[in-house]
Amino acid sequence: MTPATLARPAHSPGATLADRFRAVRAATEALCSPLATEDYVVSSMSDVSPTKWHLAHTSWFFETFLLAPHLARYETVNPRYAFLFNSYYVQAGERHCRAQRGLVTRPTVAEVYEYRRRVDEAVLSLCNEIGDDAAHPAWSTLELGLHHEQQHQELLLTDIKHVFWTNPMRPAYRATAPAAPVASLQGWHDIPEGVYTIGHEGQGFSFDNEGPRHKTYLNGSALAHRLVTNAEFAAFIADGGYRQPALWLSLGWSAVQDGKWRAPLYWEQHDGAWHEFTLAGGAPIVPDAPVTHVSFFEADAFARWAGMRLPLETEWEVAARDFPVDGRFVDAGLCHPSSGGASGMQQLYGDAWQWTGSAYVAYPGYRPSPGAIGEYNGKWMCDQWVLRGASCATPRSHARLTYRNFFPSDARWQFTGIRLAKDV
Ligand SMILES: [Fe+2]
């Protein structure tokens, strides 16, 4: 696959709903083009879903929440697929055990692609009925389904990376030409003390957890211009960062012991030098590139070691709103974080998601949607942390200023990095 095949604009201006649907569905399948059939079936840990499951689950989502209620006389492709491909929607019925998704050899990969074809035909038929009527009751669900599929495009890449890393053959997903490393001096973006309004506004798409828009008070602070680099994180390791309990939250220290963590996920030391596994295979770490595949616990410990802290998500949003939603997304074809520019605020989007020190909780006045679709975001507002920005695996048209990603404290298999903050 070339970067050009990844760069298909999913939400380009003037595109019809049908155009956008075709583009998103095609982008998912383009991500699969480097894979062999055997690669589609494996799950390497409970957080990782097989590629085949992602392809089918995103189709089940359209069937269940869009086609069944909105397309007259729609008949599901196979009634038994709902049990296999419902992820976590309790109100949508019984479902298969997540940890056993990698044990499912049937339906075959070919049958799953046929499932997608059948769902595509039905959705495009519904698009004809909807036309350009944004007030049609199916419009917002179709839009949600598109963004849901884009989320799974990112998961597809992070999951297959873990699958390949687990394989002793250490196969590469595909060769990439890394961006030229750029040494970047650290600078700081000031956020004056004050009352700010945050959260999504306007007509464009957002997930329900990005609102309601509301006021928040911030003390004066400053956010780092760029992400923490591999070289900086290697210095933390060399200073005994993983061996100093005073740097860690209690649960984080337990995670270090239980997981025998000595470095970020995918880092290995060869002849005293750090290497990391990437989607292009193993390679020496690039000192100026952002560290990635660190957990919240590691990000928090690093910040403490550096004498700073993680930004609040509100601070991040206030700082980022002065800058365009731009960066190295999956569309760039790099599939790995790259070093920033020489100076100025950078890497807000693309490269690596940024852990914040904000617990993932509801904004004031938040109400999830009624019914099973309300389980999308609201029920996860417990024991997780907000990440802001986007990563090298995020589609460009999926990124937004107000986007609230979230993962548990010990999650390391996503492209997660660190932006430091300090009080002023
Ligand atoms: Fe999903």
# chains A, B, ... in the order shown; residues from 1 in each chain; ligands from 1
call {"tool": "closest_atom_pairs", "arguments": {"of": "chain A", "to": "ligand 1", "cutoff": "10 Å", "atoms": "only C-alpha atoms and all ligand atoms", "output": "JSON lines"}}
result
{"residue": "A:His54", "atom": "CA", "partner": "ligand 1", "partner_atom_place_in_ligand_line": "1 (Fe)", "distance": 7.8}
{"residue": "A:His57", "atom": "CA", "partner": "ligand 1", "partner_atom_place_in_ligand_line": "1 (Fe)", "distance": 6.6}
{"residue": "A:Thr58", "atom": "CA", "partner": "ligand 1", "partner_atom_place_in_ligand_line": "1 (Fe)", "distance": 6.4}
{"residue": "A:Ser59", "atom": "CA", "partner": "ligand 1", "partner_atom_place_in_ligand_line": "1 (Fe)", "distance": 9.8}
{"residue": "A:Trp60", "atom": "CA", "partner": "ligand 1", "partner_atom_place_in_ligand_line": "1 (Fe)", "distance": 9.3}
{"residue": "A:Phe61", "atom": "CA", "partner": "ligand 1", "partner_atom_place_in_ligand_line": "1 (Fe)", "distance": 7.3}
{"residue": "A:Phe85", "atom": "CA", "partner": "ligand 1", "partner_atom_place_in_ligand_line": "1 (Fe)", "distance": 9.2}
{"residue": "A:Asn86", "atom": "CA", "partner": "ligand 1", "partner_atom_place_in_ligand_line": "1 (Fe)", "distance": 8.2}
{"residue": "A:Ser87", "atom": "CA", "partner": "ligand 1", "partner_atom_place_in_ligand_line": "1 (Fe)", "distance": 6.2}
{"residue": "A:Tyr88", "atom": "CA", "partner": "ligand 1", "partner_atom_place_in_ligand_line": "1 (Fe)", "distance": 8.1}
{"residue": "A:Tyr89", "atom": "CA", "partner": "ligand 1", "partner_atom_place_in_ligand_line": "1 (Fe)", "distance": 9.3}
{"residue": "A:Gly145", "atom": "CA", "partner": "ligand 1", "partner_atom_place_in_ligand_line": "1 (Fe)", "distance": 9.2}
{"residue": "A:His147", "atom": "CA", "partner": "ligand 1", "partner_atom_place_in_ligand_line": "1 (Fe)", "distance": 9.9}
{"residue": "A:His148", "atom": "CA", "partner": "ligand 1", "partner_atom_place_in_ligand_line": "1 (Fe)", "distance": 6.2}
{"residue": "A:Glu149", "atom": "CA", "partner": "ligand 1", "partner_atom_place_in_ligand_line": "1 (Fe)", "distance": 7.4}
{"residue": "A:Gln150", "atom": "CA", "partner": "ligand 1", "partner_atom_place_in_ligand_line": "1 (Fe)", "distance": 9.7}
{"residue": "A:Gln151", "atom": "CA", "partner": "ligand 1", "partner_atom_place_in_ligand_line": "1 (Fe)", "distance": 7.6}
{"residue": "A:His152", "atom": "CA", "partner": "ligand 1", "partner_atom_place_in_ligand_line": "1 (Fe)", "distance": 6.5}
{"residue": "A:Leu155", "atom": "CA", "partner": "ligand 1", "partner_atom_place_in_ligand_line": "1 (Fe)", "distance": 9.5}
{"residue": "A:Tyr376", "atom": "CA", "partner": "ligand 1", "partner_atom_place_in_ligand_line": "1 (Fe)", "distance": 8.1}
call {"tool": "residues_around", "arguments": {"residues": "Leu84 of chain A", "least_positions_apart": "5", "cutoff": "9 Å", "atoms": "only C-alpha atoms", "output": "list in words"}}
result
Trp53, Ala56, His57, Arg95, His96, Cys97, Arg101 and Val104 of chain A
call {"tool": "write_last_selection", "arguments": {"atoms": "all heavy atoms", "output": "compact mmCIF listing (two decimals), in the first residue's frame"}}
result
# COMPACT_ATOMS: atom_id res chain seq x y z
N TRP A 53 -12.65 -9.36 12.97
CA TRP A 53 -13.71 -8.90 13.89
C TRP A 53 -13.99 -7.41 13.67
O TRP A 53 -15.15 -7.00 13.64
CB TRP A 53 -13.29 -9.18 15.34
CG TRP A 53 -14.39 -8.87 16.31
CD1 TRP A 53 -15.35 -9.72 16.75
CD2 TRP A 53 -14.65 -7.62 16.94
NE1 TRP A 53 -16.20 -9.07 17.61
CE2 TRP A 53 -15.79 -7.78 17.75
CE3 TRP A 53 -14.02 -6.37 16.92
CZ2 TRP A 53 -16.32 -6.74 18.52
CZ3 TRP A 53 -14.55 -5.34 17.67
CH2 TRP A 53 -15.68 -5.51 18.46
N ALA A 56 -16.13 -6.98 10.64
CA ALA A 56 -17.50 -7.44 10.82
C ALA A 56 -18.26 -6.57 11.83
O ALA A 56 -19.42 -6.23 11.62
CB ALA A 56 -17.49 -8.90 11.28
N HIS A 57 -17.58 -6.21 12.92
CA HIS A 57 -18.25 -5.43 13.97
C HIS A 57 -18.74 -4.09 13.45
O HIS A 57 -19.85 -3.65 13.79
CB HIS A 57 -17.28 -5.24 15.14
CG HIS A 57 -17.67 -4.16 16.08
ND1 HIS A 57 -18.74 -4.26 16.94
CD2 HIS A 57 -17.14 -2.91 16.29
CE1 HIS A 57 -18.85 -3.14 17.65
NE2 HIS A 57 -17.90 -2.31 17.27
N ARG A 95 -23.75 -11.47 23.78
CA ARG A 95 -22.59 -11.33 22.91
C ARG A 95 -21.48 -12.29 23.32
O ARG A 95 -21.44 -12.77 24.46
CB ARG A 95 -22.09 -9.89 22.89
CG ARG A 95 -21.43 -9.37 24.15
CD ARG A 95 -21.88 -7.97 24.46
NE ARG A 95 -23.26 -7.97 24.88
CZ ARG A 95 -23.65 -8.19 26.14
NH1 ARG A 95 -22.77 -8.44 27.06
NH2 ARG A 95 -24.92 -8.21 26.46
N HIS A 96 -20.57 -12.50 22.37
CA HIS A 96 -19.44 -13.41 22.56
C HIS A 96 -18.43 -12.81 23.52
O HIS A 96 -18.35 -11.58 23.66
CB HIS A 96 -18.78 -13.67 21.19
CG HIS A 96 -17.79 -14.78 21.20
ND1 HIS A 96 -16.52 -14.62 20.67
CD2 HIS A 96 -17.86 -16.05 21.63
CE1 HIS A 96 -15.87 -15.76 20.80
NE2 HIS A 96 -16.66 -16.64 21.37
N CYS A 97 -17.65 -13.69 24.16
CA CYS A 97 -16.62 -13.24 25.10
C CYS A 97 -15.50 -12.52 24.34
O CYS A 97 -14.93 -13.07 23.39
CB CYS A 97 -16.06 -14.46 25.83
SG CYS A 97 -14.62 -14.12 26.79
N ARG A 101 -12.30 -13.74 20.98
CA ARG A 101 -12.56 -13.37 19.58
C ARG A 101 -11.54 -14.01 18.63
O ARG A 101 -11.85 -14.26 17.46
CB ARG A 101 -12.52 -11.85 19.41
CG ARG A 101 -13.74 -11.17 20.03
CD ARG A 101 -13.63 -9.65 20.00
NE ARG A 101 -14.72 -9.04 20.75
CZ ARG A 101 -14.74 -7.77 21.15
NH1 ARG A 101 -13.72 -6.97 20.88
NH2 ARG A 101 -15.77 -7.30 21.83
N VAL A 104 -12.28 -17.59 16.81
CA VAL A 104 -13.41 -17.75 15.88
C VAL A 104 -12.90 -17.81 14.44
O VAL A 104 -12.51 -16.80 13.87
CB VAL A 104 -14.41 -16.59 16.06
CG1 VAL A 104 -15.55 -16.71 15.06
CG2 VAL A 104 -14.96 -16.57 17.48
call {"tool": "closest_residue", "arguments": {"among": "A:Pro50, A:Ala135, A:Gly187, A:Ile130", "to": "Lys422 of chain A", "atoms": "only C-alpha atoms"}}
result
A:Gly187
call {"tool": "select_by_dssp", "arguments": {"residues": "segment 80-297 of chain A", "states": "strand (DSSP E)", "output": "PyMOL selection string"}}
result
chain A and resi 188-191+194-198+214-218+221-224+267-270+273-278+281-284
call {"tool": "write_last_selection", "arguments": {"atoms": "N, CA, C and O atoms", "output": "CSV table (one decimal), in the first residue's frame"}}
result
chain,number,residue,atom,x,y,z
A,188,TRP,N,7.4,26.8,25.7
A,188,TRP,CA,6.2,26.7,26.6
A,188,TRP,C,5.1,27.6,26.0
A,188,TRP,O,5.4,28.8,25.7
A,189,HIS,N,3.9,27.1,26.1
A,189,HIS,CA,2.7,27.9,25.6
A,189,HIS,C,2.0,28.3,26.9
A,189,HIS,O,1.5,27.5,27.6
A,190,ASP,N,1.9,29.6,27.1
A,190,ASP,CA,1.2,30.1,28.4
A,190,ASP,C,-0.3,30.1,28.3
A,190,ASP,O,-0.8,30.5,27.3
A,191,ILE,N,-0.9,29.7,29.4
A,191,ILE,CA,-2.4,29.8,29.5
A,191,ILE,C,-2.6,30.7,30.7
A,191,ILE,O,-2.4,30.3,31.9
A,194,GLY,N,-7.9,32.2,34.3
A,194,GLY,CA,-9.2,32.8,33.9
A,194,GLY,C,-10.3,31.7,33.7
A,194,GLY,O,-10.1,30.6,34.1
A,195,VAL,N,-11.4,32.2,33.3
A,195,VAL,CA,-12.6,31.4,33.1
A,195,VAL,C,-12.7,31.1,31.6
A,195,VAL,O,-12.7,32.1,30.8
A,196,TYR,N,-12.8,29.9,31.2
A,196,TYR,CA,-12.8,29.5,29.8
A,196,TYR,C,-14.0,28.7,29.5
A,196,TYR,O,-14.6,28.0,30.4
A,197,THR,N,-14.5,28.7,28.2
A,197,THR,CA,-15.6,27.9,27.8
A,197,THR,C,-15.0,26.8,26.9
A,197,THR,O,-14.3,27.0,25.9
A,198,ILE,N,-15.3,25.5,27.3
A,198,ILE,CA,-14.8,24.4,26.5
A,198,ILE,C,-16.0,23.5,26.1
A,198,ILE,O,-17.1,23.5,26.6
A,214,HIS,N,-19.4,24.3,28.3
A,214,HIS,CA,-19.5,24.8,29.6
A,214,HIS,C,-18.3,25.6,30.0
A,214,HIS,O,-17.2,25.5,29.4
A,215,LYS,N,-18.5,26.3,31.1
A,215,LYS,CA,-17.3,27.2,31.6
A,215,LYS,C,-16.5,26.4,32.6
A,215,LYS,O,-17.0,25.5,33.3
A,216,THR,N,-15.2,26.7,32.6
A,216,THR,CA,-14.3,26.1,33.6
A,216,THR,C,-13.3,27.1,34.0
A,216,THR,O,-12.9,28.0,33.2
A,217,TYR,N,-12.8,27.0,35.2
A,217,TYR,CA,-11.8,28.0,35.7
A,217,TYR,C,-10.4,27.3,35.6
A,217,TYR,O,-10.3,26.1,36.0
A,218,LEU,N,-9.4,28.0,35.2
A,218,LEU,CA,-8.1,27.5,35.1
A,218,LEU,C,-7.1,28.4,35.8
A,218,LEU,O,-7.2,29.6,35.7
A,221,SER,N,-1.0,28.4,33.8
A,221,SER,CA,-0.2,27.2,33.5
A,221,SER,C,0.5,27.4,32.2
A,221,SER,O,0.3,28.4,31.5
A,222,ALA,N,1.4,26.5,31.9
A,222,ALA,CA,2.0,26.5,30.6
A,222,ALA,C,2.1,25.0,30.1
A,222,ALA,O,2.4,24.1,30.9
A,223,LEU,N,1.9,24.8,28.8
A,223,LEU,CA,2.0,23.5,28.2
A,223,LEU,C,3.2,23.5,27.3
A,223,LEU,O,3.5,24.4,26.6
A,224,ALA,N,3.9,22.3,27.3
A,224,ALA,CA,5.1,22.1,26.5
A,224,ALA,C,4.8,22.3,25.0
A,224,ALA,O,3.7,21.8,24.6
A,267,TRP,N,9.7,-1.6,23.4
A,267,TRP,CA,11.1,-1.2,23.5
A,267,TRP,C,11.9,-2.5,23.9
A,267,TRP,O,11.5,-3.2,24.8
A,268,GLU,N,13.1,-2.6,23.3
A,268,GLU,CA,14.0,-3.7,23.6
A,268,GLU,C,15.4,-3.2,23.6
A,268,GLU,O,15.7,-2.3,22.7
A,269,GLN,N,16.2,-3.7,24.5
A,269,GLN,CA,17.6,-3.2,24.5
A,269,GLN,C,18.5,-4.2,23.8
A,269,GLN,O,18.5,-5.4,24.1
A,270,HIS,N,19.3,-3.8,22.8
A,270,HIS,CA,20.2,-4.7,22.1
A,270,HIS,C,21.6,-4.0,22.2
A,270,HIS,O,21.8,-2.9,21.7
A,273,ALA,N,21.7,-0.5,23.4
A,273,ALA,CA,21.0,0.5,22.7
A,273,ALA,C,19.5,0.2,22.6
A,273,ALA,O,19.2,-1.0,22.4
A,274,TRP,N,18.6,1.2,22.8
A,274,TRP,CA,17.2,0.9,22.7
A,274,TRP,C,16.7,0.8,21.3
A,274,TRP,O,17.0,1.6,20.4
A,275,HIS,N,15.9,-0.3,21.0
A,275,HIS,CA,15.2,-0.4,19.8
A,275,HIS,C,13.7,-0.5,20.1
A,275,HIS,O,13.3,-0.8,21.2
A,276,GLU,N,12.9,-0.3,19.1
A,276,GLU,CA,11.5,-0.4,19.3
A,276,GLU,C,10.9,-1.1,18.1
A,276,GLU,O,11.4,-1.0,16.9
A,277,PHE,N,9.8,-1.8,18.3
A,277,PHE,CA,9.0,-2.5,17.2
A,277,PHE,C,8.0,-1.5,16.7
A,277,PHE,O,7.3,-0.8,17.4
A,278,THR,N,8.0,-1.3,15.4
A,278,THR,CA,7.1,-0.4,14.7
A,278,THR,C,6.3,-1.2,13.7
A,278,THR,O,6.6,-2.4,13.4
A,281,GLY,N,8.5,-2.8,11.3
A,281,GLY,CA,9.4,-3.7,11.8
A,281,GLY,C,10.3,-3.1,12.9
A,281,GLY,O,10.0,-1.9,13.4
A,282,GLY,N,11.3,-3.8,13.4
A,282,GLY,CA,12.1,-3.3,14.5
A,282,GLY,C,13.1,-2.3,14.0
A,282,GLY,O,13.6,-2.4,12.8
A,283,ALA,N,13.4,-1.3,14.8
A,283,ALA,CA,14.4,-0.3,14.4
A,283,ALA,C,14.9,0.4,15.7
A,283,ALA,O,14.3,0.4,16.7
A,284,PRO,N,16.1,1.0,15.6
A,284,PRO,CA,16.6,1.8,16.7
A,284,PRO,C,15.7,2.9,17.0
A,284,PRO,O,15.1,3.5,16.1
call {"tool": "residues_around", "arguments": {"residues": "segment 326-336 of chain A", "least_positions_apart": "2", "cutoff": "10 Å", "atoms": "only C-alpha atoms", "output": "PyMOL selection string"}}
result
chain A and resi 1-9+27+31+153-154+157-158+173-179+278-280+289-290+292+323-324+338+340+346-352+389-400+415
call {"tool": "closest_residue", "arguments": {"among": "A:Glu193, A:Trp165, A:Phe21, A:Val119", "to": "Gly220 of chain A", "atoms": "only C-alpha atoms"}}
result
A:Glu193
call {"tool": "select_by_dssp", "arguments": {"residues": "segment 187-387 of chain A", "states": "helix (DSSP H, G or I)", "output": "JSON list (two decimals) with N, CA and C atoms, in the first residue's frame"}}
result
[["chain", "number", "residue", "atom", "x", "y", "z"],
["A", 208, "ASP", "N", -21.20, 12.41, 21.82],
["A", 208, "ASP", "CA", -21.99, 13.06, 22.88],
["A", 208, "ASP", "C", -21.14, 13.47, 24.08],
["A", 209, "ASN", "N", -20.01, 12.78, 24.29],
["A", 209, "ASN", "CA", -19.20, 13.10, 25.48],
["A", 209, "ASN", "C", -18.41, 14.41, 25.34],
["A", 210, "GLU", "N", -18.47, 15.06, 24.17],
["A", 210, "GLU", "CA", -17.74, 16.33, 23.97],
["A", 210, "GLU", "C", -18.57, 17.54, 24.38],
["A", 230, "ASN", "N", 11.87, 10.29, 22.78],
["A", 230, "ASN", "CA", 12.48, 9.01, 23.16],
["A", 230, "ASN", "C", 13.74, 9.22, 23.98],
["A", 231, "ALA", "N", 14.55, 10.19, 23.59],
["A", 231, "ALA", "CA", 15.80, 10.45, 24.32],
["A", 231, "ALA", "C", 15.50, 10.87, 25.76],
["A", 232, "GLU", "N", 14.48, 11.71, 25.92],
["A", 232, "GLU", "CA", 14.13, 12.14, 27.28],
["A", 232, "GLU", "C", 13.60, 10.97, 28.10],
["A", 233, "PHE", "N", 12.83, 10.11, 27.46],
["A", 233, "PHE", "CA", 12.30, 8.97, 28.21],
["A", 233, "PHE", "C", 13.42, 7.97, 28.52],
["A", 234, "ALA", "N", 14.36, 7.83, 27.61],
["A", 234, "ALA", "CA", 15.51, 6.94, 27.87],
["A", 234, "ALA", "C", 16.33, 7.46, 29.06],
["A", 235, "ALA", "N", 16.38, 8.78, 29.22],
["A", 235, "ALA", "CA", 17.09, 9.37, 30.37],
["A", 235, "ALA", "C", 16.37, 9.03, 31.67],
["A", 236, "PHE", "N", 15.04, 9.03, 31.63],
["A", 236, "PHE", "CA", 14.23, 8.62, 32.79],
["A", 236, "PHE", "C", 14.54, 7.17, 33.17],
["A", 237, "ILE", "N", 14.63, 6.30, 32.15],
["A", 237, "ILE", "CA", 14.94, 4.89, 32.41],
["A", 237, "ILE", "C", 16.34, 4.77, 33.00],
["A", 238, "ALA", "N", 17.28, 5.48, 32.38],
["A", 238, "ALA", "CA", 18.68, 5.39, 32.83],
["A", 238, "ALA", "C", 18.85, 5.92, 34.25],
["A", 241, "GLY", "N", 14.13, 5.35, 36.65],
["A", 241, "GLY", "CA", 12.73, 5.73, 36.76],
["A", 241, "GLY", "C", 11.79, 4.59, 37.08],
["A", 242, "TYR", "N", 12.06, 3.43, 36.52],
["A", 242, "TYR", "CA", 11.18, 2.27, 36.77],
["A", 242, "TYR", "C", 11.52, 1.57, 38.09],
["A", 243, "ARG", "N", 12.55, 2.09, 38.80],
["A", 243, "ARG", "CA", 12.95, 1.42, 40.05],
["A", 243, "ARG", "C", 12.75, 2.33, 41.27],
["A", 245, "PRO", "N", 10.02, 3.85, 43.57],
["A", 245, "PRO", "CA", 8.58, 3.86, 43.90],
["A", 245, "PRO", "C", 8.04, 5.26, 44.19],
["A", 246, "ALA", "N", 8.89, 6.18, 44.62],
["A", 246, "ALA", "CA", 8.41, 7.53, 44.95],
["A", 246, "ALA", "C", 7.87, 8.26, 43.73],
["A", 247, "LEU", "N", 8.25, 7.80, 42.53],
["A", 247, "LEU", "CA", 7.80, 8.48, 41.31],
["A", 247, "LEU", "C", 6.42, 8.01, 40.87],
["A", 250, "SER", "N", 0.43, 4.48, 43.52],
["A", 250, "SER", "CA", 0.48, 3.14, 44.10],
["A", 250, "SER", "C", 0.09, 2.06, 43.09],
["A", 251, "LEU", "N", -1.01, 2.28, 42.37],
["A", 251, "LEU", "CA", -1.43, 1.28, 41.39],
["A", 251, "LEU", "C", -0.44, 1.19, 40.23],
["A", 252, "GLY", "N", 0.21, 2.32, 39.93],
["A", 252, "GLY", "CA", 1.21, 2.33, 38.87],
["A", 252, "GLY", "C", 2.42, 1.49, 39.27],
["A", 253, "TRP", "N", 2.84, 1.64, 40.51],
["A", 253, "TRP", "CA", 3.97, 0.84, 41.00],
["A", 253, "TRP", "C", 3.63, -0.65, 40.96],
["A", 254, "SER", "N", 2.38, -0.98, 41.30],
["A", 254, "SER", "CA", 1.95, -2.38, 41.20],
["A", 254, "SER", "C", 2.00, -2.85, 39.76],
["A", 255, "ALA", "N", 1.59, -1.98, 38.83],
["A", 255, "ALA", "CA", 1.62, -2.36, 37.41],
["A", 255, "ALA", "C", 3.05, -2.60, 36.94],
["A", 256, "VAL", "N", 3.99, -1.78, 37.43],
["A", 256, "VAL", "CA", 5.40, -1.95, 37.07],
["A", 256, "VAL", "C", 5.89, -3.32, 37.54],
["A", 257, "GLN", "N", 5.52, -3.66, 38.80],
["A", 257, "GLN", "CA", 5.98, -4.95, 39.35],
["A", 257, "GLN", "C", 5.30, -6.12, 38.65],
["A", 258, "ASP", "N", 3.97, -6.02, 38.53],
["A", 258, "ASP", "CA", 3.22, -7.16, 37.98],
["A", 258, "ASP", "C", 3.57, -7.40, 36.50],
["A", 259, "GLY", "N", 3.76, -6.30, 35.76],
["A", 259, "GLY", "CA", 4.04, -6.42, 34.33],
["A", 259, "GLY", "C", 5.51, -6.47, 34.01],
["A", 296, "PHE", "N", -0.79, 5.62, 31.12],
["A", 296, "PHE", "CA", -0.99, 6.79, 31.98],
["A", 296, "PHE", "C", -0.02, 6.74, 33.15],
["A", 297, "PHE", "N", 0.16, 5.56, 33.73],
["A", 297, "PHE", "CA", 1.05, 5.43, 34.88],
["A", 297, "PHE", "C", 2.47, 5.90, 34.53],
["A", 298, "GLU", "N", 2.95, 5.50, 33.37],
["A", 298, "GLU", "CA", 4.31, 5.87, 32.96],
["A", 298, "GLU", "C", 4.39, 7.37, 32.64],
["A", 299, "ALA", "N", 3.35, 7.89, 31.99],
["A", 299, "ALA", "CA", 3.33, 9.32, 31.68],
["A", 299, "ALA", "C", 3.35, 10.13, 32.98],
["A", 300, "ASP", "N", 2.56, 9.70, 33.94],
["A", 300, "ASP", "CA", 2.48, 10.40, 35.22],
["A", 300, "ASP", "C", 3.81, 10.33, 35.97],
["A", 301, "ALA", "N", 4.44, 9.16, 35.97],
["A", 301, "ALA", "CA", 5.72, 9.00, 36.67],
["A", 301, "ALA", "C", 6.81, 9.83, 35.99],
["A", 302, "PHE", "N", 6.79, 9.84, 34.65],
["A", 302, "PHE", "CA", 7.80, 10.64, 33.94],
["A", 302, "PHE", "C", 7.64, 12.11, 34.30],
["A", 303, "ALA", "N", 6.39, 12.59, 34.30],
["A", 303, "ALA", "CA", 6.15, 14.00, 34.59],
["A", 303, "ALA", "C", 6.64, 14.34, 36.01],
["A", 304, "ARG", "N", 6.39, 13.44, 36.95],
["A", 304, "ARG", "CA", 6.86, 13.68, 38.32],
["A", 304, "ARG", "C", 8.38, 13.72, 38.35],
["A", 305, "TRP", "N", 9.02, 12.81, 37.67],
["A", 305, "TRP", "CA", 10.49, 12.78, 37.61],
["A", 305, "TRP", "C", 11.03, 14.08, 37.01],
["A", 313, "GLU", "N", -7.25, 18.18, 30.73],
["A", 313, "GLU", "CA", -7.81, 18.21, 29.37],
["A", 313, "GLU", "C", -8.34, 19.59, 29.02],
["A", 314, "THR", "N", -8.78, 20.34, 30.04],
["A", 314, "THR", "CA", -9.27, 21.69, 29.78],
["A", 314, "THR", "C", -8.11, 22.60, 29.37],
["A", 315, "GLU", "N", -6.97, 22.45, 30.00],
["A", 315, "GLU", "CA", -5.79, 23.23, 29.60],
["A", 315, "GLU", "C", -5.39, 22.90, 28.17],
["A", 316, "TRP", "N", -5.41, 21.61, 27.85],
["A", 316, "TRP", "CA", -5.04, 21.20, 26.49],
["A", 316, "TRP", "C", -5.95, 21.86, 25.47],
["A", 317, "GLU", "N", -7.25, 21.83, 25.73],
["A", 317, "GLU", "CA", -8.21, 22.37, 24.75],
["A", 317, "GLU", "C", -8.05, 23.88, 24.60],
["A", 318, "VAL", "N", -7.82, 24.56, 25.73],
["A", 318, "VAL", "CA", -7.63, 26.01, 25.67],
["A", 318, "VAL", "C", -6.36, 26.34, 24.87],
["A", 319, "ALA", "N", -5.30, 25.58, 25.09],
["A", 319, "ALA", "CA", -4.06, 25.83, 24.36],
["A", 319, "ALA", "C", -4.21, 25.51, 22.88],
["A", 320, "ALA", "N", -4.90, 24.40, 22.57],
["A", 320, "ALA", "CA", -4.97, 23.93, 21.19],
["A", 320, "ALA", "C", -5.91, 24.75, 20.32],
["A", 330, "VAL", "N", -2.93, 9.20, 9.95],
["A", 330, "VAL", "CA", -2.71, 7.96, 9.20],
["A", 330, "VAL", "C", -2.60, 8.25, 7.71],
["A", 331, "ASP", "N", -3.23, 9.34, 7.28],
["A", 331, "ASP", "CA", -3.19, 9.74, 5.88],
["A", 331, "ASP", "C", -1.75, 9.97, 5.40],
["A", 332, "ALA", "N", -0.84, 10.34, 6.33],
["A", 332, "ALA", "CA", 0.55, 10.59, 5.96],
["A", 332, "ALA", "C", 1.29, 9.30, 5.67],
["A", 372, "ALA", "N", -29.76, 1.53, 23.43],
["A", 372, "ALA", "CA", -28.46, 0.87, 23.39],
["A", 372, "ALA", "C", -27.36, 1.79, 22.88],
["A", 373, "ILE", "N", -27.68, 2.69, 21.96],
["A", 373, "ILE", "CA", -26.65, 3.57, 21.40],
["A", 373, "ILE", "C", -26.06, 4.48, 22.49],
["A", 374, "GLY", "N", -26.84, 4.70, 23.56],
["A", 374, "GLY", "CA", -26.35, 5.51, 24.68],
["A", 374, "GLY", "C", -25.21, 4.84, 25.43],
["A", 375, "GLU", "N", -24.98, 3.54, 25.15],
["A", 375, "GLU", "CA", -23.86, 2.84, 25.80],
["A", 375, "GLU", "C", -22.53, 3.16, 25.14],
["A", 378, "GLY", "N", -21.13, 6.90, 27.45],
["A", 378, "GLY", "CA", -21.45, 7.27, 28.82],
["A", 378, "GLY", "C", -21.08, 6.23, 29.86],
["A", 379, "LYS", "N", -21.28, 4.96, 29.53],
["A", 379, "LYS", "CA", -21.08, 3.96, 30.59],
["A", 379, "LYS", "C", -19.60, 3.69, 30.87],
["A", 380, "TRP", "N", -18.71, 4.31, 30.09],
["A", 380, "TRP", "CA", -17.27, 4.11, 30.31],
["A", 380, "TRP", "C", -16.65, 5.19, 31.18]]
call {"tool": "atom_distance", "arguments": {"atom1": "atom CA of Ser46 of chain A", "atom2": "atom CA of Gly102 of chain A"}}
result
9.1 Å
call {"tool": "decode", "arguments": {"residues": "segment 233-251 of chain A", "atoms": "C-alpha atoms", "output": "short mmCIF file (atom, residue, chain, number, x, y, z; two decimals), in the first residue's frame"}}
result
data_model
loop_
_atom_site.label_atom_id
_atom_site.label_comp_id
_atom_site.auth_asym_id
_atom_site.auth_seq_id
_atom_site.Cartn_x
_atom_site.Cartn_y
_atom_site.Cartn_z
CA PHE A 233 12.30 8.97 28.21
CA ALA A 234 15.51 6.94 27.87
CA ALA A 235 17.09 9.37 30.37
CA PHE A 236 14.23 8.62 32.79
CA ILE A 237 14.94 4.89 32.41
CA ALA A 238 18.68 5.39 32.83
CA ASP A 239 18.03 7.38 36.00
CA GLY A 240 16.20 4.39 37.48
CA GLY A 241 12.73 5.73 36.76
CA TYR A 242 11.18 2.27 36.77
CA ARG A 243 12.95 1.42 40.05
CA GLN A 244 11.94 4.43 42.16
CA PRO A 245 8.58 3.86 43.90
CA ALA A 246 8.41 7.53 44.95
CA LEU A 247 7.80 8.48 41.31
CA TRP A 248 4.75 6.25 40.90
CA LEU A 249 1.14 6.19 41.93
CA SER A 250 0.48 3.14 44.10
CA LEU A 251 -1.43 1.28 41.39
#
